[in-house]
Structure formats: C-alpha cells, structure tokens
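Asker: So here's target.cif, just mmCIF, C-alpha atoms:
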```
data_structure
loop_
_atom_site.label_atom_id
_atom_site.label_comp_id
_atom_site.auth_asym_id
_atom_site.auth_seq_id
_atom_site.Cartn_x
_atom_site.Cartn_y
_atom_site.Cartn_z
CA MET Z 1 -14.60 37.73 13.91
CA ARG Z 2 -14.05 40.47 11.30
CA ILE Z 3 -14.92 40.08 7.62
CA LEU Z 4 -14.20 42.28 4.60
CA LEU Z 5 -16.90 42.22 1.91
CA ILE Z 6 -15.78 43.50 -1.51
CA GLU Z 7 -19.00 43.84 -3.50
CA ASP Z 8 -20.19 46.69 -5.75
CA ASP Z 9 -23.90 45.82 -5.88
CA ARG Z 10 -25.56 47.83 -3.10
CA LYS Z 11 -28.51 45.51 -2.51
CA THR Z 12 -26.32 42.41 -2.34
CA ALA Z 13 -23.82 44.15 -0.06
CA ALA Z 14 -26.56 45.40 2.26
CA PHE Z 15 -28.15 41.93 2.39
CA ILE Z 16 -24.87 40.18 3.21
CA THR Z 17 -23.72 42.83 5.70
CA LYS Z 18 -27.01 42.70 7.59
CA GLY Z 19 -26.96 38.91 7.77
CA LEU Z 20 -23.35 38.73 8.91
CA LYS Z 21 -23.82 41.36 11.61
CA GLU Z 22 -26.91 39.53 12.87
CA SER Z 23 -24.71 36.40 13.03
CA GLY Z 24 -22.21 38.20 15.26
CA PHE Z 25 -19.54 39.24 12.74
CA ALA Z 26 -17.94 42.66 12.43
CA VAL Z 27 -18.14 43.67 8.76
CA ASP Z 28 -16.25 46.21 6.64
CA HIS Z 29 -17.42 46.89 3.07
CA SER Z 30 -15.63 48.03 -0.08
CA ALA Z 31 -17.65 48.94 -3.18
CA ASN Z 32 -14.73 48.69 -5.62
CA GLY Z 33 -11.68 46.52 -6.13
CA ARG Z 34 -9.06 49.16 -5.45
CA ASP Z 35 -10.48 50.10 -2.05
CA GLY Z 36 -10.91 46.41 -1.26
CA LEU Z 37 -7.27 45.73 -2.04
CA VAL Z 38 -6.14 48.57 0.24
CA LYS Z 39 -8.27 47.40 3.16
CA GLY Z 40 -7.59 43.70 2.62
CA SER Z 41 -3.84 44.29 2.56
CA ALA Z 42 -3.68 46.73 5.46
CA TYR Z 43 -5.95 45.08 8.05
CA ASP Z 44 -5.93 41.65 9.67
CA TYR Z 45 -9.27 40.21 8.57
CA ASP Z 46 -10.45 36.74 9.54
CA LEU Z 47 -12.04 36.21 6.12
CA LEU Z 48 -12.68 38.02 2.82
CA ILE Z 49 -15.68 37.76 0.50
CA VAL Z 50 -14.83 39.00 -2.99
CA ASP Z 51 -17.00 39.59 -6.07
CA LEU Z 52 -15.24 39.10 -9.41
CA MET Z 53 -16.82 41.85 -11.50
CA LEU Z 54 -15.78 45.00 -9.65
CA PRO Z 55 -15.17 48.62 -10.73
CA GLU Z 56 -11.61 50.05 -10.73
CA MET Z 57 -9.98 46.64 -10.23
CA ASP Z 58 -11.40 43.19 -10.94
CA GLY Z 59 -11.79 40.61 -8.19
CA LEU Z 60 -9.19 38.19 -9.55
CA THR Z 61 -6.53 40.91 -9.48
CA VAL Z 62 -7.57 41.82 -5.94
CA ILE Z 63 -7.29 38.20 -4.78
CA LYS Z 64 -3.92 37.67 -6.45
CA SER Z 65 -2.53 40.88 -4.92
CA ILE Z 66 -3.86 40.19 -1.43
CA ARG Z 67 -2.47 36.64 -1.52
CA GLU Z 68 1.03 38.11 -1.85
CA VAL Z 69 0.75 39.81 1.57
CA LYS Z 70 -1.94 37.70 3.28
CA PRO Z 71 -1.22 34.10 2.24
CA LYS Z 72 -3.36 32.45 4.93
CA THR Z 73 -6.47 34.66 5.09
CA PRO Z 74 -9.53 32.64 3.93
CA ILE Z 75 -11.14 34.05 0.77
CA ILE Z 76 -14.57 33.24 -0.67
CA ILE Z 77 -15.40 34.29 -4.23
CA LEU Z 78 -19.01 35.38 -4.65
CA SER Z 79 -19.82 35.75 -8.34
CA ALA Z 80 -22.52 35.54 -11.01
CA LYS Z 81 -20.03 33.68 -13.22
CA HIS Z 82 -21.07 30.03 -13.25
CA SER Z 83 -18.50 28.55 -15.64
CA ILE Z 84 -16.09 25.86 -14.51
CA GLU Z 85 -13.25 27.89 -16.05
CA SER Z 86 -14.02 30.91 -13.84
CA LYS Z 87 -14.07 28.71 -10.75
CA ILE Z 88 -10.77 27.05 -11.63
CA ILE Z 89 -9.05 30.38 -12.30
CA GLY Z 90 -10.35 31.89 -9.05
CA LEU Z 91 -9.31 28.92 -6.94
CA ASN Z 92 -5.90 28.70 -8.61
CA LEU Z 93 -5.24 32.39 -7.91
CA GLY Z 94 -5.74 31.85 -4.18
CA ALA Z 95 -9.43 31.73 -3.31
CA ASP Z 96 -10.48 28.98 -0.87
CA ASP Z 97 -14.11 28.67 -1.98
CA TYR Z 98 -16.42 29.80 -4.80
CA LEU Z 99 -20.13 30.52 -4.40
CA THR Z 100 -22.30 31.53 -7.36
CA LYS Z 101 -25.13 34.05 -7.35
CA PRO Z 102 -27.98 33.81 -6.56
CA PHE Z 103 -27.21 32.10 -3.27
CA ALA Z 104 -28.82 31.26 0.05
CA PHE Z 105 -27.37 33.22 2.95
CA THR Z 106 -27.43 30.09 5.11
CA GLU Z 107 -25.09 28.39 2.63
CA LEU Z 108 -22.73 31.37 2.64
CA LEU Z 109 -22.72 31.33 6.43
CA ALA Z 110 -21.99 27.60 6.52
CA ARG Z 111 -19.06 28.05 4.14
CA ILE Z 112 -17.71 30.92 6.24
CA HIS Z 113 -17.79 28.80 9.39
CA ALA Z 114 -16.15 25.89 7.55
CA LEU Z 115 -13.26 28.07 6.36
CA LEU Z 116 -12.82 29.65 9.78
CA ARG Z 117 -12.66 26.21 11.39
CA ARG Z 118 -10.07 25.13 8.83
CA SER Z 119 -7.93 28.26 9.22
CA THR Z 120 -7.89 28.11 13.03
CA GLY Z 121 -7.52 24.32 13.28
CA VAL Z 122 -10.82 23.92 15.14
CA LYS Z 123 -12.36 20.53 14.33
CA GLU Z 124 -15.78 20.88 15.96
CA ALA Z 125 -18.64 21.07 13.47
CA THR Z 126 -20.67 23.70 15.28
CA VAL Z 127 -19.40 23.94 18.85
CA LEU Z 128 -16.31 25.65 20.26
CA ALA Z 129 -15.34 24.30 23.67
CA PHE Z 130 -12.72 24.68 26.37
CA ARG Z 131 -12.95 22.73 29.63
CA ASP Z 132 -16.60 23.06 30.76
CA LEU Z 133 -17.28 26.11 28.55
CA GLU Z 134 -19.20 25.61 25.29
CA LEU Z 135 -20.28 27.99 22.55
CA ASP Z 136 -22.69 26.78 19.87
CA LEU Z 137 -22.20 28.67 16.60
CA LEU Z 138 -25.57 27.66 15.17
CA THR Z 139 -27.92 28.14 18.11
CA ARG Z 140 -25.71 30.92 19.54
CA GLU Z 141 -26.04 29.37 22.99
CA VAL Z 142 -23.29 29.52 25.60
CA ARG Z 143 -23.02 27.09 28.50
CA ARG Z 144 -20.60 26.57 31.33
CA GLY Z 145 -20.91 23.48 33.44
CA GLY Z 146 -24.19 22.79 31.68
CA LYS Z 147 -25.66 26.13 32.75
CA ASN Z 148 -26.85 28.55 30.05
CA ILE Z 149 -25.22 31.99 29.95
CA GLU Z 150 -26.93 34.92 28.22
CA LEU Z 151 -24.49 37.05 26.24
CA GLN Z 152 -24.94 40.22 24.22
CA GLN Z 153 -23.78 40.15 20.59
CA LYS Z 154 -20.35 41.72 21.15
CA GLU Z 155 -19.77 39.50 24.21
CA PHE Z 156 -20.59 36.43 22.10
CA THR Z 157 -18.24 37.60 19.33
CA LEU Z 158 -15.41 38.23 21.79
CA LEU Z 159 -15.87 34.83 23.42
CA GLU Z 160 -15.84 33.13 20.01
CA TYR Z 161 -12.57 34.90 19.18
CA MET Z 162 -11.03 33.92 22.51
CA LEU Z 163 -12.13 30.29 22.11
CA ARG Z 164 -10.61 30.14 18.63
CA ASN Z 165 -7.38 31.47 20.15
CA ARG Z 166 -7.54 29.70 23.49
CA GLN Z 167 -4.34 29.59 25.54
CA ARG Z 168 -2.87 32.35 23.36
CA VAL Z 169 -2.43 35.92 24.57
CA ILE Z 170 -4.55 38.30 22.51
CA THR Z 171 -3.83 42.02 22.67
CA ARG Z 172 -6.34 44.85 22.89
CA THR Z 173 -5.47 45.80 19.31
CA MET Z 174 -6.19 42.27 18.11
CA ILE Z 175 -9.56 42.35 19.85
CA LEU Z 176 -10.40 45.73 18.29
CA GLU Z 177 -9.50 44.45 14.84
CA HIS Z 178 -11.48 41.22 15.09
CA VAL Z 179 -14.54 42.23 17.12
CA TRP Z 180 -15.31 45.74 15.84
CA ASP Z 181 -15.63 47.16 12.34
CA MET Z 182 -13.85 50.30 11.14
CA ASN Z 183 -16.24 52.67 12.93
CA PHE Z 184 -14.86 52.02 16.42
CA ASP Z 185 -13.02 54.70 18.42
CA PRO Z 186 -9.62 53.22 19.36
CA SER Z 187 -9.07 55.87 22.04
CA THR Z 188 -11.83 54.50 24.28
CA ASN Z 189 -11.63 51.70 26.86
CA ILE Z 190 -14.30 49.63 25.12
CA VAL Z 191 -12.09 46.52 25.06
CA ASP Z 192 -11.46 46.50 28.80
CA VAL Z 193 -15.13 47.16 29.52
CA LEU Z 194 -16.24 44.33 27.22
CA VAL Z 195 -13.73 41.85 28.65
CA CYS Z 196 -14.81 42.78 32.17
CA ARG Z 197 -18.46 42.15 31.31
CA LEU Z 198 -17.66 38.83 29.66
CA ARG Z 199 -15.45 37.67 32.53
CA GLU Z 200 -18.20 38.51 35.02
CA LYS Z 201 -20.62 36.25 33.15
CA ILE Z 202 -18.24 33.40 32.31
CA ASP Z 203 -16.29 33.10 35.58
CA LYS Z 204 -18.89 34.23 38.11
CA GLY Z 205 -19.47 31.54 40.75
CA CYS Z 206 -16.84 29.21 39.27
CA SER Z 207 -13.83 28.06 41.27
CA THR Z 208 -11.75 27.73 38.08
CA LYS Z 209 -11.28 31.05 36.29
CA LEU Z 210 -10.85 30.99 32.52
CA ILE Z 211 -10.36 34.61 31.43
CA HIS Z 212 -7.15 36.20 32.68
CA THR Z 213 -5.39 39.54 32.26
CA VAL Z 214 -1.78 39.40 31.12
CA ARG Z 215 -0.27 42.60 32.48
CA GLY Z 216 1.10 44.82 29.75
CA ALA Z 217 0.04 42.43 27.00
CA GLY Z 218 -3.68 41.68 26.88
CA TYR Z 219 -5.92 38.75 27.78
CA VAL Z 220 -5.87 34.98 27.60
CA LEU Z 221 -8.43 32.18 27.89
CA LYS Z 222 -6.72 29.41 29.85
CA VAL Z 223 -6.55 27.61 33.19
CA LEU Z 224 -3.75 28.78 35.43
CA GLU Z 225 -1.75 25.88 36.84
#
```
Hey, can you dump this file as structure tokens for me?
Answerer:
Amino acid sequence: MRILLIEDDRKTAAFITKGLKESGFAVDHSANGRDGLVKGSAYDYDLLIVDLMLPEMDGLTVIKSIREVKPKTPIIILSAKHSIESKIIGLNLGADDYLTKPFAFTELLARIHALLRRSTGVKEATVLAFRDLELDLLTREVRRGGKNIELQQKEFTLLEYMLRNRQRVITRTMILEHVWDMNFDPSTNIVDVLVCRLREKIDKGCSTKLIHTVRGAGYVLKVLE
C-alpha cells in the first residue's frame, strides 16, 4: 500500500517514513503543500497524511483541492493544532481523521489500518483472509492451510494489496503504484519477478491455486471454477 506524507518538519517526516516503511508501506514525501497537492492529485495513493502548517500552501487548502479530484482517498490530518475548531474545519473540508502532535506511532499506524479497512470494505480487525490464506497485519505473519509462510517485505506488501482487491484484476501499473514508491524504474520487470516469487511461496504444494495471470491485463487472486 502506498502513502503520501505531506510534512515540512524533517525529523517528523523521517520518523514517520521510517516507521511506515518498516510496516511494509511504500512512502512518498512532500515537504511543502504545493508539491503535496501535485503528487496527491496526480498519483493513486491508498492514503494521505497531511500536516496543516505547511510552506507554500497550507494543509487545509491542499485537502480541499485534492478532495475535488480524489473524493474517496483516505486522508489523515497530523497537526500541532489541538483546538476543536481546527479539527472540525479539517474534517468538514474532507479529512477522515485528525491526530494531534505529539503522537505515538502505534496510534498513527492503527488509524491508518482502520481507514484502509473502511475504504476497501474489509471488516477484519487485523487479519486479511481468502479461502485458507491468512495475512495478519499486526504480527505480519502469513499462513496457508495453517502453515506459516515466510515472506520478504515487498512480497508481504503485494499480498496485502492483492487480498484487499481479491477477485479483481490488478494491472502491473496498479501494482507499481501501490507497492513501490516514486524511486522505482518502470522499465524493469520487477512486477513480474515479484509476482512469480510470491506465487511460488503461496501456491507451492497446494492443489488449489490462488494467484493467476490474466493475459494482457495483469494478475488476480481468486479460485478458478
């Protein structure tokens, strides 16, 4: 899952970016509101984290502008402003949640997962599941048929994205946008290689295959009838 962090404080941005990447997210960062608006409008992010006091363009203006083109993207405000008025204004302009500084990263992470569950319609508190395949978002454990499967970070992130979009065809471009940050090289075959590695681990030794190639389109997590 890919997140855009719009935060001008370097230490805060570095802290959040490090924590999110360790939790399996791809993260892009903007240090001012204008750059954040450009990125947030142009790319298909799974979630945005926006500070209110930003250089070049304030966070409320960024949120209002992004909402015009991305009405469903979850947005969390992260701000030092504690007043009820600030929270009401931010939420009324389109934010889905409001977290005040200082904050615990574990709380931010919990709110991110809650918004992602809400936006994708997934009801499980911490576990994504399909048939006998389970992915635990908190312990970062993956099991199929009760057997533990060891995944690398990008494999885990890809599987999470496929489980959130199970039975839907996802294209290579969609995978690039949601699993990698902006530093990836789109000319490589990294998507096909990663899917191949994941399929080898998930479907190996199982009579029912879950990860399938849709010729000319992409990949899908489903059971073929």
Asker: Assuming the chain letters and numbering stay as they are in my file, what does the PyMOL selection byres ((chain Z and resi 103) around 12) actually select? List them as a PyMOL selection string.
Answerer: chain Z and resi 12+15-16+78-80+82+98-102+104-111
Asker: Starting from the displayed file, determine the output of the PyMOL selection byres ((chain Z and resi 137-152) around 8) and express the residue list as a PyMOL selection string.
Answerer: chain Z and resi 126-128+132-136+153-156+198+201-202
Asker: Print the selection's residues with C-alpha atoms to a file, as a tab-separated table (two decimals), in the frame of the given file.
Answerer:
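Listing of selection.tsv after writing:
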```tsv
chain	number	residue	atom	x	y	z
Z	126	THR	CA	-20.67	23.70	15.28
Z	127	VAL	CA	-19.40	23.94	18.85
Z	128	LEU	CA	-16.31	25.65	20.26
Z	132	ASP	CA	-16.60	23.06	30.76
Z	133	LEU	CA	-17.28	26.11	28.55
Z	134	GLU	CA	-19.20	25.61	25.29
Z	135	LEU	CA	-20.28	27.99	22.55
Z	136	ASP	CA	-22.69	26.78	19.87
Z	153	GLN	CA	-23.78	40.15	20.59
Z	154	LYS	CA	-20.35	41.72	21.15
Z	155	GLU	CA	-19.77	39.50	24.21
Z	156	PHE	CA	-20.59	36.43	22.10
Z	198	LEU	CA	-17.66	38.83	29.66
Z	201	LYS	CA	-20.62	36.25	33.15
Z	202	ILE	CA	-18.24	33.40	32.31
```
Asker: Please determine, counting all atoms listed in the file, which residue among Z:Lys70, Z:Arg197, Z:His212, Z:Lys18 has the shortest atom-to-atom distance to Ala42 in chain Z.
Answerer: Z:Lys70
Asker: List, as a list of chain:residue names, every residue that the PyMOL selection byres ((chain Z and resi 69) around 12) selects in the file provided.
Answerer: Z:Leu37, Z:Val38, Z:Lys39, Z:Gly40, Z:Ser41, Z:Ala42, Z:Tyr43, Z:Asp44, Z:Val62, Z:Ile63, Z:Lys64, Z:Ser65, Z:Ile66, Z:Arg67, Z:Glu68, Z:Lys70, Z:Pro71, Z:Lys72, Z:Thr73, Z:Gly94
Asker: Work out how far apart CA of Asn189 in chain Z and CA of Val220 in chain Z are and give it in Å to one decimal.
Answerer: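 These two atoms are separated by 17.7 Å.
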Asker: Rank nothing, just name the residue among Z:Pro55, Z:Gly19, Z:Gly216, Z:Gly205 nearest to Gly36 in chain Z, using all atoms listed in the file.
Answerer: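 Nearest to Gly36 in chain Z: Z:Pro55.
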Asker: Please measure the separation of CA of Glu160 in chain Z and CA of Asp51 in chain Z, giving the value in Å to one decimal.
Answerer: 26.9 Å
Asker: Interatomic distance between CA of Asp192 in chain Z and CA of Lys209 in chain Z?
Answerer: 17.2 Å
Asker: Name the closest residue to Asp28 in chain Z among the candidates Z:Trp180, Z:Ser119, Z:Gly90, Z:Glu200; distances are taken between atoms, counting only C-alpha atoms.
Answerer: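 Among Z:Trp180, Z:Ser119, Z:Gly90, Z:Glu200, it is Z:Trp180 that comes nearest to Asp28 in chain Z.
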Asker: Return the single residue from Z:Ile3, Z:Ala217, Z:Val179, Z:Cys196 that is closest to Val27 in chain Z, with distances computed using only C-alpha atoms.
Answerer: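 Selected residue with least distance to Val27 in chain Z: Z:Ile3.
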Asker: Around (-3.4, 37.4, 21.5) in the file's own coordinates, what residues are found within 8 Å if you use all atoms listed in the file, given back as a list in words?
Answerer: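 Taken together, the residues in range are Asn165, Arg168, Val169, Ile170, Thr171, Met174, Gly218, Tyr219 and Val220 of chain Z.
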Asker: Quick one: of Z:Ala14, Z:Glu7, Z:Ala129, Z:Ser30, who's nearest to Ile77 in chain Z, counting all atoms listed in the file?
Answerer: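 Between Z:Ala14, Z:Glu7, Z:Ala129, Z:Ser30, the residue approaching Ile77 in chain Z most closely is Z:Glu7.
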Asker: Compare Z:Thr61, Z:Ser83, Z:Leu47, Z:Leu210 by their minimum atom-to-atom distance to Asp97 in chain Z, counting all atoms listed in the file, and give me the closest one.
Answerer: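 Closest to Asp97 in chain Z of all the choices is Z:Leu47.
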Asker: For range 97-108 of chain Z, where the input has fewer atoms than it should, I would like all heavy atoms rebuilt and written as a PDB file, keeping the file's coordinate frame.
Answerer:
```pdb
ATOM      1  N   ASP Z  97     -12.766  29.170  -1.682  1.00  0.00           N
ATOM      2  CA  ASP Z  97     -14.110  28.670  -1.980  1.00  0.00           C
ATOM      3  C   ASP Z  97     -14.731  29.565  -3.041  1.00  0.00           C
ATOM      4  O   ASP Z  97     -14.299  30.717  -3.242  1.00  0.00           O
ATOM      5  CB  ASP Z  97     -14.970  28.638  -0.714  1.00  0.00           C
ATOM      6  CG  ASP Z  97     -16.142  27.666  -0.825  1.00  0.00           C
ATOM      7  OD1 ASP Z  97     -16.378  27.136  -1.931  1.00  0.00           O
ATOM      8  OD2 ASP Z  97     -16.809  27.434   0.191  1.00  0.00           O
ATOM      9  N   TYR Z  98     -15.768  29.062  -3.706  1.00  0.00           N
ATOM     10  CA  TYR Z  98     -16.420  29.800  -4.800  1.00  0.00           C
ATOM     11  C   TYR Z  98     -17.914  29.556  -4.696  1.00  0.00           C
ATOM     12  O   TYR Z  98     -18.364  28.413  -4.747  1.00  0.00           O
ATOM     13  CB  TYR Z  98     -15.877  29.294  -6.138  1.00  0.00           C
ATOM     14  CG  TYR Z  98     -16.212  30.143  -7.346  1.00  0.00           C
ATOM     15  CD1 TYR Z  98     -15.204  30.813  -8.036  1.00  0.00           C
ATOM     16  CD2 TYR Z  98     -17.516  30.253  -7.815  1.00  0.00           C
ATOM     17  CE1 TYR Z  98     -15.480  31.576  -9.167  1.00  0.00           C
ATOM     18  CE2 TYR Z  98     -17.806  31.016  -8.940  1.00  0.00           C
ATOM     19  CZ  TYR Z  98     -16.790  31.676  -9.610  1.00  0.00           C
ATOM     20  OH  TYR Z  98     -17.065  32.439 -10.716  1.00  0.00           O
ATOM     21  N   LEU Z  99     -18.673  30.616  -4.531  1.00  0.00           N
ATOM     22  CA  LEU Z  99     -20.130  30.520  -4.400  1.00  0.00           C
ATOM     23  C   LEU Z  99     -20.765  31.387  -5.485  1.00  0.00           C
ATOM     24  O   LEU Z  99     -20.414  32.556  -5.638  1.00  0.00           O
ATOM     25  CB  LEU Z  99     -20.576  30.991  -3.020  1.00  0.00           C
ATOM     26  CG  LEU Z  99     -22.067  30.851  -2.675  1.00  0.00           C
ATOM     27  CD1 LEU Z  99     -22.493  29.384  -2.717  1.00  0.00           C
ATOM     28  CD2 LEU Z  99     -22.335  31.433  -1.288  1.00  0.00           C
ATOM     29  N   THR Z 100     -21.684  30.799  -6.258  1.00  0.00           N
ATOM     30  CA  THR Z 100     -22.300  31.530  -7.360  1.00  0.00           C
ATOM     31  C   THR Z 100     -23.601  32.201  -6.941  1.00  0.00           C
ATOM     32  O   THR Z 100     -24.315  31.718  -6.063  1.00  0.00           O
ATOM     33  CB  THR Z 100     -22.584  30.578  -8.547  1.00  0.00           C
ATOM     34  OG1 THR Z 100     -23.396  29.486  -8.100  1.00  0.00           O
ATOM     35  CG2 THR Z 100     -21.295  30.036  -9.123  1.00  0.00           C
ATOM     36  N   LYS Z 101     -23.880  33.331  -7.561  1.00  0.00           N
ATOM     37  CA  LYS Z 101     -25.130  34.050  -7.350  1.00  0.00           C
ATOM     38  C   LYS Z 101     -26.182  33.522  -8.308  1.00  0.00           C
ATOM     39  O   LYS Z 101     -25.859  33.159  -9.442  1.00  0.00           O
ATOM     40  CB  LYS Z 101     -24.937  35.550  -7.614  1.00  0.00           C
ATOM     41  CG  LYS Z 101     -23.881  36.235  -6.765  1.00  0.00           C
ATOM     42  CD  LYS Z 101     -23.722  37.696  -7.189  1.00  0.00           C
ATOM     43  CE  LYS Z 101     -22.642  38.402  -6.398  1.00  0.00           C
ATOM     44  NZ  LYS Z 101     -22.447  39.802  -6.839  1.00  0.00           N
ATOM     45  N   PRO Z 102     -27.460  33.485  -7.902  1.00  0.00           N
ATOM     46  CA  PRO Z 102     -27.980  33.810  -6.560  1.00  0.00           C
ATOM     47  C   PRO Z 102     -27.612  32.713  -5.569  1.00  0.00           C
ATOM     48  O   PRO Z 102     -27.341  31.578  -5.964  1.00  0.00           O
ATOM     49  CB  PRO Z 102     -29.479  33.889  -6.780  1.00  0.00           C
ATOM     50  CG  PRO Z 102     -29.736  32.965  -7.935  1.00  0.00           C
ATOM     51  CD  PRO Z 102     -28.529  33.084  -8.831  1.00  0.00           C
ATOM     52  N   PHE Z 103     -27.633  33.045  -4.294  1.00  0.00           N
ATOM     53  CA  PHE Z 103     -27.210  32.100  -3.270  1.00  0.00           C
ATOM     54  C   PHE Z 103     -28.110  32.236  -2.051  1.00  0.00           C
ATOM     55  O   PHE Z 103     -28.788  33.249  -1.854  1.00  0.00           O
ATOM     56  CB  PHE Z 103     -25.757  32.385  -2.868  1.00  0.00           C
ATOM     57  CG  PHE Z 103     -25.579  33.752  -2.262  1.00  0.00           C
ATOM     58  CD1 PHE Z 103     -25.622  33.942  -0.903  1.00  0.00           C
ATOM     59  CD2 PHE Z 103     -25.381  34.859  -3.080  1.00  0.00           C
ATOM     60  CE1 PHE Z 103     -25.483  35.206  -0.345  1.00  0.00           C
ATOM     61  CE2 PHE Z 103     -25.232  36.126  -2.542  1.00  0.00           C
ATOM     62  CZ  PHE Z 103     -25.280  36.297  -1.176  1.00  0.00           C
ATOM     63  N   ALA Z 104     -28.103  31.215  -1.223  1.00  0.00           N
ATOM     64  CA  ALA Z 104     -28.820  31.260   0.050  1.00  0.00           C
ATOM     65  C   ALA Z 104     -27.850  31.748   1.118  1.00  0.00           C
ATOM     66  O   ALA Z 104     -26.720  31.256   1.192  1.00  0.00           O
ATOM     67  CB  ALA Z 104     -29.374  29.891   0.414  1.00  0.00           C
ATOM     68  N   PHE Z 105     -28.268  32.695   1.940  1.00  0.00           N
ATOM     69  CA  PHE Z 105     -27.370  33.220   2.950  1.00  0.00           C
ATOM     70  C   PHE Z 105     -26.922  32.123   3.920  1.00  0.00           C
ATOM     71  O   PHE Z 105     -25.773  32.136   4.389  1.00  0.00           O
ATOM     72  CB  PHE Z 105     -28.029  34.355   3.747  1.00  0.00           C
ATOM     73  CG  PHE Z 105     -27.127  34.922   4.807  1.00  0.00           C
ATOM     74  CD1 PHE Z 105     -26.102  35.797   4.468  1.00  0.00           C
ATOM     75  CD2 PHE Z 105     -27.278  34.565   6.143  1.00  0.00           C
ATOM     76  CE1 PHE Z 105     -25.244  36.299   5.435  1.00  0.00           C
ATOM     77  CE2 PHE Z 105     -26.429  35.061   7.113  1.00  0.00           C
ATOM     78  CZ  PHE Z 105     -25.412  35.937   6.761  1.00  0.00           C
ATOM     79  N   THR Z 106     -27.793  31.173   4.194  1.00  0.00           N
ATOM     80  CA  THR Z 106     -27.430  30.090   5.110  1.00  0.00           C
ATOM     81  C   THR Z 106     -26.257  29.268   4.557  1.00  0.00           C
ATOM     82  O   THR Z 106     -25.418  28.794   5.315  1.00  0.00           O
ATOM     83  CB  THR Z 106     -28.628  29.164   5.367  1.00  0.00           C
ATOM     84  OG1 THR Z 106     -29.206  28.771   4.105  1.00  0.00           O
ATOM     85  CG2 THR Z 106     -29.685  29.857   6.202  1.00  0.00           C
ATOM     86  N   GLU Z 107     -26.215  29.114   3.227  1.00  0.00           N
ATOM     87  CA  GLU Z 107     -25.090  28.390   2.630  1.00  0.00           C
ATOM     88  C   GLU Z 107     -23.809  29.204   2.740  1.00  0.00           C
ATOM     89  O   GLU Z 107     -22.742  28.662   3.067  1.00  0.00           O
ATOM     90  CB  GLU Z 107     -25.357  28.068   1.159  1.00  0.00           C
ATOM     91  CG  GLU Z 107     -24.212  27.289   0.518  1.00  0.00           C
ATOM     92  CD  GLU Z 107     -24.448  26.946  -0.942  1.00  0.00           C
ATOM     93  OE1 GLU Z 107     -25.494  27.344  -1.485  1.00  0.00           O
ATOM     94  OE2 GLU Z 107     -23.566  26.289  -1.534  1.00  0.00           O
ATOM     95  N   LEU Z 108     -23.900  30.516   2.482  1.00  0.00           N
ATOM     96  CA  LEU Z 108     -22.730  31.370   2.640  1.00  0.00           C
ATOM     97  C   LEU Z 108     -22.209  31.312   4.065  1.00  0.00           C
ATOM     98  O   LEU Z 108     -20.996  31.185   4.296  1.00  0.00           O
ATOM     99  CB  LEU Z 108     -23.075  32.818   2.271  1.00  0.00           C
ATOM    100  CG  LEU Z 108     -21.981  33.867   2.529  1.00  0.00           C
ATOM    101  CD1 LEU Z 108     -20.739  33.570   1.707  1.00  0.00           C
ATOM    102  CD2 LEU Z 108     -22.511  35.274   2.241  1.00  0.00           C
TER     103      LEU Z 108
END
```
